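Everything on this sheet refers to the single structure shown next.
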Amino acid sequence: MLCVCLDAAVSQRALRRACVQGALALWVGASGAQAADTGGVAASAAEVVLPELQVSAHHAAPSAGPVGGSAAASSGAITRQLIERRPTLRPAEVLEFVPGVIVSQHSGDGKANQYYLRGFNLDHGTDFATWVDGMPINMPSHAHGQGYTDLNWLIPELVDRIQYRKGTYAAEDGDFSSAGSARIRLVDTLPQGLASVTVGERAFVRALVAKSQALTTGQLLYAVEGAHNNGPWELAQQHRRFNGVLRYSVNEGSVRQSLTAMTYTARWRATDQVPLRALDAGLVGRYGAIDDTDHGRTARSSLSYQRRQTLADGELQLSAFAIASSLDLYSNFTYFLDDPVNGDQFEQAERRRVVGGQAVRSWAFDGAGQETTNKLGVQVRHDRLSPVGLYSAAGGVRTGTTQESRVRQTSVGVFGENDTRWLPWLRTVAGLRADQVAVAVRASVAGNGGERQAALASPKLSLVLGPWAGTEFFVNGGYGFHSNDARGMTAAVSPRTGAAVDRVPGLVRTRGAELGARTELIPGLQGAVALWQLDLASELVFVGDAGDTAASGASRRRGVELNLHHATPAGVLFDVDVALSQARFRQDQGDAPHQGRDVPGAVGTVVSLGATQAERGPWFGQFQLRYFGSRPLIEDQSVRSPGTTLASVRAGYRINLAVKVSLDVFNLFNRQVSDIDYFYTSRLPGEGAEGVADRHLHPAEPRTVRLTLSSSF
């Protein structure tokens, strides 16, 4: 980090303090949108300059610190300056900036990632809600999994800020947010145009061009990205993706608004998880595939509008979006268990259209010396799937229909929130949310169609005590929910077996509580600790791989999280995030011999260590170490996965004011570890008809080196 003193009267001590504050501003522990817009530390003098961004101190230091702007110890925000300094193997790994989140993959890179947080194997996003510029990314009643969250179309260089929350305490957060939520905001403008090329091992190539242009009435931003990657797999992945973004924004007086169009396409050949016995016997290599015809293709286009208007007594926010997406995914997880002749490959496919929007009105006033802000909002979303289906396949070609449905699903959420500071040391945030979901399903399986509705209310309350000596304490509690697949709500028979099944509730209740503290008592150090618990009324989810709904009962998760961020006078930011959790069913689950109470796939330990060096002379760099521990793969813990430790490093050099080069190394120590593990029964050629219960794993990529040359223009 380069610190420039513009006033000769400023002391060296003050200058060092500005450097520390500027480094801390890379990680904003709990600032809200208001803090981001008003500046914070160094906003009154150009003391912090980030040459590679060519930004003012106002943008370099978006918050004065974590204390005073949050309603929970586990909420926070991450700035663009920090995001661009850490290398990511895949676009969705920007979510790993959220403390405790792990992002992995068990198939081709074009498929949505696997997410872990707070004792959840979130699958592809079931209980973690993600928004990008006001658009919900989780997809209900999805062909592959409930809440499917595909962020492969995200361009990390365009991310301005990530606002995150954990738990069920914010009235604004609705479906899929029981474990947490992240709201990703894109930039309106770039300080300069950006052109970059990245090359790496195994035919990895990525090119990006992005630029903003001032128009008569606003700013026009465009970005175009193309990438190719074969990966380390014996079956060359041939992953190809294309991204395009066009954004028009206007910031006039009290009104800030934007209109954004995006388009994305990708296709790939997939190497899914393989059984451990096949690796041990040498039947397949570590990066080999059992079925070499698995593949996928996907597309997404969207148009979104956002408007924020500052009023005399508060603010009005409006947003609207339209999304069109498609997915065709061919997978084979059990090989020859069900069909010993043609194999068990299946296709999951959908064509989706989504429209919706949000309106939020907030107003503030002072009454009897009490600072109060009220907020009212409504969120509406309508999904139309024509069709969504599960099909049998062989050799990468569809051979039959297991089930095919046409689904209409409408969700409406209304919420209100009151934020009052009763005393200088006492603040409350009380909220109430009401949600309704209505579905209509036309199914190819007789008896599985129909219409259903579900509704529930979710009260929430947070107490904020302090600050005292730069320290605040938090008590949080609230109810939340996640939705189930529309097809599970209306199904009467299993599409595979024809056996009768029970219809599942549309909305599943969750209940959370948290005790936390946040401090900046020690200069240069921000710390937060949270002790939390979350109860789910059931783990009912629609299993896209099987085409029906699996019930796994009520559960309880609890844990503790610790986050520390320290900035040195030299401009180095150290961060330490530790999350410990336990996930247990309330009663024994499953049939013998797997009776037990542990939730399969729940990660109990997550540790992340990082060191970020902003430019020091022409050099800059970053080191990141992440560990996610052993986890039970079945309910009685008799089979567990090994832990996974991965490290990455970036070393960069600025050639001149316009050009810089960076070298990224992923899996620095070349650890042979798993990205994900499962335990289930599969059958290889020559095995008995009953198959073999075994651990199936998808390996993490070996050491991977990528070189990026970027230029501003």
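In the structure tokens, chains take letters A, B, ... by order of appearance, with residues numbered from 1 within each chain and ligands from 1 in the order shown.
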Residue list (helix (DSSP H, G or I), DSSP) for region 454-648 of chain A, as a ChimeraX atom specification: /A:486-490
Limited to C-alpha atoms, could you put the picked residues into a file as a PDB file, in the first residue's frame?
ATOM      1  CA  ALA A 486     -42.884 -27.755  -6.254  1.00  0.00           C
ATOM      2  CA  ARG A 487     -42.927 -31.315  -7.612  1.00  0.00           C
ATOM      3  CA  GLY A 488     -42.484 -32.685  -4.095  1.00  0.00           C
ATOM      4  CA  MET A 489     -45.428 -30.558  -2.940  1.00  0.00           C
ATOM      5  CA  THR A 490     -47.784 -32.181  -5.443  1.00  0.00           C
TER       6      THR A 490
END
What are the nearest atom pairs, with distances in Å to one decimal, for all residues of region 220-324 of chain A that come at most 12 Å from region 347-365 of chain A, using only C-alpha atoms, set out by chain and rising residue number as JSON lines?
{"residue": "A:Thr293", "atom": "CA", "partner": "A:Glu347", "partner_atom": "CA", "distance": 11.4}
{"residue": "A:Asp294", "atom": "CA", "partner": "A:Glu347", "partner_atom": "CA", "distance": 9.2}
{"residue": "A:His295", "atom": "CA", "partner": "A:Glu347", "partner_atom": "CA", "distance": 9.5}
{"residue": "A:Gly296", "atom": "CA", "partner": "A:Glu347", "partner_atom": "CA", "distance": 9.2}
{"residue": "A:Arg297", "atom": "CA", "partner": "A:Ala349", "partner_atom": "CA", "distance": 9.7}
{"residue": "A:Thr298", "atom": "CA", "partner": "A:Ala349", "partner_atom": "CA", "distance": 9.5}
{"residue": "A:Ala299", "atom": "CA", "partner": "A:Arg351", "partner_atom": "CA", "distance": 9.6}
{"residue": "A:Arg300", "atom": "CA", "partner": "A:Arg352", "partner_atom": "CA", "distance": 9.5}
{"residue": "A:Ser301", "atom": "CA", "partner": "A:Arg353", "partner_atom": "CA", "distance": 9.8}
{"residue": "A:Ser302", "atom": "CA", "partner": "A:Val354", "partner_atom": "CA", "distance": 9.2}
{"residue": "A:Leu303", "atom": "CA", "partner": "A:Val355", "partner_atom": "CA", "distance": 9.6}
{"residue": "A:Ser304", "atom": "CA", "partner": "A:Gly357", "partner_atom": "CA", "distance": 9.1}
{"residue": "A:Tyr305", "atom": "CA", "partner": "A:Gly357", "partner_atom": "CA", "distance": 9.0}
{"residue": "A:Gln306", "atom": "CA", "partner": "A:Gln358", "partner_atom": "CA", "distance": 9.3}
{"residue": "A:Arg307", "atom": "CA", "partner": "A:Ala359", "partner_atom": "CA", "distance": 9.6}
{"residue": "A:Arg308", "atom": "CA", "partner": "A:Val360", "partner_atom": "CA", "distance": 9.5}
{"residue": "A:Gln309", "atom": "CA", "partner": "A:Arg361", "partner_atom": "CA", "distance": 9.7}
{"residue": "A:Thr310", "atom": "CA", "partner": "A:Ser362", "partner_atom": "CA", "distance": 9.7}
{"residue": "A:Leu311", "atom": "CA", "partner": "A:Trp363", "partner_atom": "CA", "distance": 8.4}
{"residue": "A:Ala312", "atom": "CA", "partner": "A:Trp363", "partner_atom": "CA", "distance": 8.7}
{"residue": "A:Asp313", "atom": "CA", "partner": "A:Trp363", "partner_atom": "CA", "distance": 5.2}
{"residue": "A:Gly314", "atom": "CA", "partner": "A:Trp363", "partner_atom": "CA", "distance": 3.9}
{"residue": "A:Glu315", "atom": "CA", "partner": "A:Ser362", "partner_atom": "CA", "distance": 5.3}
{"residue": "A:Leu316", "atom": "CA", "partner": "A:Arg361", "partner_atom": "CA", "distance": 4.6}
{"residue": "A:Gln317", "atom": "CA", "partner": "A:Val360", "partner_atom": "CA", "distance": 5.1}
{"residue": "A:Leu318", "atom": "CA", "partner": "A:Ala359", "partner_atom": "CA", "distance": 4.6}
{"residue": "A:Ser319", "atom": "CA", "partner": "A:Gly357", "partner_atom": "CA", "distance": 5.2}
{"residue": "A:Ala320", "atom": "CA", "partner": "A:Gly357", "partner_atom": "CA", "distance": 4.0}
{"residue": "A:Phe321", "atom": "CA", "partner": "A:Gly356", "partner_atom": "CA", "distance": 5.6}
{"residue": "A:Ala322", "atom": "CA", "partner": "A:Val355", "partner_atom": "CA", "distance": 4.4}
{"residue": "A:Ile323", "atom": "CA", "partner": "A:Val354", "partner_atom": "CA", "distance": 4.9}
{"residue": "A:Ala324", "atom": "CA", "partner": "A:Arg353", "partner_atom": "CA", "distance": 4.6}
Test item: residues at most 12 Å from Asp175 (chain A), only C-alpha atoms, excluding those fewer than 2 positions along its chain, as a PyMOL selection string: chain A and resi 125-131+136-140+146-147+168+170-173+177-181+379-381+411-413+433-437+455-456+458+479-484+506-510
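Among the candidates A:Val341, A:Met262, A:Leu609, A:Ala278, the one nearest to Asp694 (chain A) when counting only C-alpha atoms is A:Ala278.
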Quick one: which region 476-524 of chain A residues come within 7 Å of region 63-87 of chain A, and what is the nearest atom pair for each with the distance in Å to one decimal, counting only C-alpha atoms, rows ordered by chain and ascending number, as CSV?
residue,atom,partner,partner_atom,distance
A:Asn476,CA,A:Ala72,CA,6.9
A:Gly516,CA,A:Ala73,CA,5.1
A:Ala517,CA,A:Ala73,CA,5.6
A:Arg518,CA,A:Ala73,CA,5.8
A:Thr519,CA,A:Val67,CA,6.7
Contacts of Leu151 (chain A) within 8 Å, only C-alpha atoms, excl. fewer than 4 positions in-chain, as a list in words: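 Selected residues are Pro91, Ala92, Ala112, Asn113 and Ile137 of chain A.
One finds CA of Arg165 (chain A) at 11.9 Å from CA of Leu95 (chain A).
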Filtered DSSP result for region 455-637 of chain A, state strand (DSSP E or B), as an NGL selection string: :A and (455-468 or 471-483 or 493 or 500 or 507-519 or 525-536 or 541-543 or 548-550 or 555-567 or 572-589 or 596-598 or 605-616 or 619-628 or 632)
Residues near region 576-581 of chain A, cut-off 12 Å, only C-alpha atoms, skip fewer than 3 positions along chain, as a PyMOL selection string: chain A and resi 27+74+96-102+116-120+525-534+556-567+573+584+598-599+602-612+624-631
